[in-house]
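Visitor: This is the structure, below, for whatever I ask next.
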Amino acid sequence: MRSVRIQVELAQQALAKRLNDAGCNLQRLGDTWFTASGDEEQLLSVLHAFILSDWQYEYIQQRLSLTHPELTEEQREYIGLLTLHRVRGPRDLTDPKRTAASHPFVHPYQQFADQLRASLEELLAGEMLYVEGLVRFRGRRYLQGLQIAMEEMVEQVLADQEYEEFVALLRYVLDVQQPSRQRLHVFCADERVWICDDGGELVRDQEVSLAAAQACPGENVNGEDLAMSILITRSPEQIVIHDLSTRAPWPSFAETVERVFLERSLRCGDCPTCRRLRENGEIAPM
């Protein structure tokens, strides 16, 4: 049996539950102090798992509250889970080199996990453990990486939220339009977007183009914005999406059309026109 005094400020209830569930004898000594007794390997495993999950999650929540007070509690919880997943990386990749190259936080996470276990073995032998001090001293570089991952997830979640609001606005504008009986074809390539009718004629709308130019005087009108404006103004009964893009950033124009027009949109399924454009390397009309 090993007995150790533990001081921890974050996720105390989670640690107490883990120790109790593992069959360790637990005694609270104060607001942040515990005494835990049990098999040494058992204590080591519990503390290791606690720091890499519950403690980290609470640490992220604390940092988010300080650095991003504008976030809701629900957003903080979601970002916390995303951050933990980000730093751990996918668990189904068996090639360590591929994993480390594709997911830059995986190697630092595993390195920290290994260092943490060695440090816990050392500190348990001394029968005294201060969790926050251990992580901030031995895992200083890892915590810096954790904060970088957290900020990436904040940026991603806020961008997702902004995109959802943008799609909702477009849907609202579309809903107040009277649907037409047209069927239009939207071609999406890496560099541009164009719209054709069933006869293959290029669809242009001078009024929409003029309004867009007046809204952005002295600026080049974004092709995707112009195409979306034409689609919503015409409110076609059906849109056939021809997605020829190979490196479109998220969200792609094809995905946005699907999100806005829902059941009115469908993919062409690699039609003869798309195959011909790919094979010939033809450039879309301006």
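FYI, nothing fancy with the structure tokens labels: chains A, B, ... in order, residues from 1 per chain, ligands from 1 as they appear.
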Enumerate the residues of segment 8-211 of chain A with a DSSP assignment of strand (DSSP E), computed from the backbone, and present them as number ranges by chain.

Guide: A: 25-28, 33-38, 128-130, 183-188, 193-196

Visitor: Taking 5 positions as the minimum chain separation for residues in the same chain, which residues sit within 10 Å of segment 186-196 of chain A when counting only C-alpha atoms? Answer as an MDAnalysis selection string.

Guide: chainID A and resid 201:204 222:228 230:231 239:249 252:254 257 265 267:268 274 283:286

Visitor: With N, CA and C atoms retained, export the selected residues as a compact mmCIF listing (two decimals), in the first residue's frame.

Guide:
```
# COMPACT_ATOMS: atom_id res chain seq x y z
N GLU A 201 -26.67 27.63 -72.05
CA GLU A 201 -26.40 29.06 -72.18
C GLU A 201 -25.95 29.64 -70.83
N LEU A 202 -24.92 30.48 -70.90
CA LEU A 202 -24.42 31.11 -69.68
C LEU A 202 -25.46 32.07 -69.11
N VAL A 203 -25.73 31.96 -67.83
CA VAL A 203 -26.72 32.81 -67.17
C VAL A 203 -26.02 34.04 -66.62
N ARG A 204 -26.47 35.20 -67.04
CA ARG A 204 -25.95 36.46 -66.50
C ARG A 204 -27.14 37.27 -66.02
N ASN A 222 -16.93 39.69 -55.79
CA ASN A 222 -16.61 38.28 -55.61
C ASN A 222 -17.52 37.42 -56.47
N GLY A 223 -16.90 36.51 -57.26
CA GLY A 223 -17.67 35.69 -58.18
C GLY A 223 -18.68 34.79 -57.49
N GLU A 224 -18.30 34.21 -56.36
CA GLU A 224 -19.22 33.34 -55.64
C GLU A 224 -20.39 34.12 -55.06
N ASP A 225 -20.10 35.32 -54.53
CA ASP A 225 -21.19 36.15 -54.00
C ASP A 225 -22.17 36.53 -55.11
N LEU A 226 -21.62 36.86 -56.28
CA LEU A 226 -22.47 37.24 -57.41
C LEU A 226 -23.32 36.04 -57.86
N ALA A 227 -22.70 34.86 -57.93
CA ALA A 227 -23.43 33.67 -58.34
C ALA A 227 -24.54 33.34 -57.36
N MET A 228 -24.26 33.45 -56.06
CA MET A 228 -25.29 33.17 -55.05
C MET A 228 -26.43 34.17 -55.15
N ILE A 230 -27.46 35.71 -57.84
CA ILE A 230 -28.24 35.35 -59.02
C ILE A 230 -29.16 34.16 -58.71
N LEU A 231 -28.62 33.16 -58.02
CA LEU A 231 -29.42 31.97 -57.70
C LEU A 231 -30.60 32.32 -56.80
N ILE A 239 -31.58 23.05 -58.77
CA ILE A 239 -30.20 23.42 -59.08
C ILE A 239 -29.38 22.14 -59.17
N VAL A 240 -28.72 21.95 -60.31
CA VAL A 240 -27.82 20.80 -60.49
C VAL A 240 -26.40 21.31 -60.24
N ILE A 241 -25.73 20.71 -59.27
CA ILE A 241 -24.38 21.14 -58.90
C ILE A 241 -23.35 20.27 -59.60
N HIS A 242 -22.46 20.92 -60.34
CA HIS A 242 -21.35 20.23 -61.02
C HIS A 242 -20.07 20.67 -60.30
N ASP A 243 -19.60 19.87 -59.38
CA ASP A 243 -18.45 20.25 -58.54
C ASP A 243 -17.16 19.74 -59.18
N LEU A 244 -16.43 20.65 -59.81
CA LEU A 244 -15.16 20.33 -60.47
C LEU A 244 -13.96 20.74 -59.64
N SER A 245 -14.20 21.24 -58.45
CA SER A 245 -13.11 21.75 -57.61
C SER A 245 -12.30 20.60 -57.03
N THR A 246 -11.02 20.86 -56.82
CA THR A 246 -10.12 19.85 -56.23
C THR A 246 -9.46 20.36 -54.96
N ARG A 247 -9.42 21.67 -54.76
CA ARG A 247 -8.76 22.21 -53.57
C ARG A 247 -9.55 23.40 -52.99
N ALA A 248 -10.87 23.32 -53.11
CA ALA A 248 -11.70 24.40 -52.58
C ALA A 248 -11.62 24.44 -51.07
N PRO A 249 -11.43 25.62 -50.48
CA PRO A 249 -11.39 25.73 -49.02
C PRO A 249 -12.79 25.52 -48.44
N SER A 252 -16.94 25.04 -49.20
CA SER A 252 -16.91 25.23 -50.66
C SER A 252 -18.23 25.83 -51.12
N PHE A 253 -18.21 26.42 -52.31
CA PHE A 253 -19.43 27.03 -52.84
C PHE A 253 -20.50 25.96 -53.06
N ALA A 254 -20.07 24.78 -53.53
CA ALA A 254 -21.02 23.69 -53.75
C ALA A 254 -21.73 23.31 -52.45
N VAL A 257 -24.29 26.03 -51.52
CA VAL A 257 -25.51 25.93 -52.32
C VAL A 257 -26.41 24.83 -51.77
N SER A 265 -31.56 21.28 -54.48
CA SER A 265 -30.24 21.07 -55.09
C SER A 265 -29.92 19.58 -55.16
N ARG A 267 -26.53 16.83 -56.77
CA ARG A 267 -25.24 16.68 -57.45
C ARG A 267 -25.46 15.97 -58.79
N CYS A 268 -24.64 16.31 -59.78
CA CYS A 268 -24.81 15.76 -61.12
C CYS A 268 -24.40 14.29 -61.21
N CYS A 274 -19.16 17.18 -67.10
CA CYS A 274 -18.06 17.28 -66.13
C CYS A 274 -16.87 16.44 -66.57
N ILE A 283 -11.39 25.70 -69.59
CA ILE A 283 -11.55 26.77 -68.62
C ILE A 283 -12.97 27.29 -68.67
N ALA A 284 -13.51 27.54 -67.49
CA ALA A 284 -14.89 28.01 -67.42
C ALA A 284 -15.03 29.38 -68.07
N PRO A 285 -16.20 29.67 -68.63
CA PRO A 285 -16.43 30.99 -69.21
C PRO A 285 -16.42 32.06 -68.16
N MET A 286 -16.00 33.26 -68.56
CA MET A 286 -15.96 34.41 -67.64
C MET A 286 -17.35 35.02 -67.57
```

Visitor: Using only C-alpha atoms, find the one residue out of A:Glu73, A:Glu9, A:Glu40, A:Glu165 that sits nearest to Asp54 of chain A.

Guide: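 The answer is A:Glu9, which sits nearest to Asp54 of chain A.
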
Visitor: According to DSSP computed on the backbone, where in segment 96-252 of chain A is there alpha helix (DSSP H)? Give the residues as a count of residues only.

Guide: 93

Visitor: Of the candidates A:Arg234, A:Arg63, A:Arg171, A:Arg275, which shows the shortest atom-to-atom distance to Ile79 of chain A, using only C-alpha atoms?

Guide: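 For Ile79 of chain A, the nearest of the candidates is A:Arg63.
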
Visitor: When distances are computed from only C-alpha atoms, which of A:Leu143, A:Phe261, A:Leu158, A:Ala125 shows the smallest separation from Glu70 of chain A?

Guide: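 The closest residue to Glu70 of chain A is A:Leu158.
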
Visitor: Please report the interatomic distance between atom CA of Tyr130 of chain A and atom CA of Val4 of chain A in Å with one decimal.

Guide: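 According to the coordinates, atom CA of Tyr130 of chain A and atom CA of Val4 of chain A are separated by 10.5 Å.
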
Visitor: Atom CA of Lys17 of chain A and atom CA of Tyr78 of chain A are how many Å apart?

Guide: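 Atom CA of Tyr78 of chain A lies at a distance of 22.9 Å from atom CA of Lys17 of chain A.
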
Visitor: Would you mind telling me which residue in A:Thr273, A:Gln147, A:Gln111, A:Ser3 lies nearest to Leu84 of chain A when using only C-alpha atoms?

Guide: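 That would be A:Gln147, the residue with the smallest distance to Leu84 of chain A.
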
Visitor: Report, in Å with one decimal, the straight-line distance from atom CA of Gln62 of chain A to atom CA of Glu77 of chain A.

Guide: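 The value is 10.8 Å.
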
Visitor: Closest to Val46 of chain A among A:Ala16, A:Leu146, A:Ala11, A:Cys271, using only C-alpha atoms?

Guide: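 Comparing A:Ala16, A:Leu146, A:Ala11, A:Cys271 against Val46 of chain A, the winner is A:Ala16.
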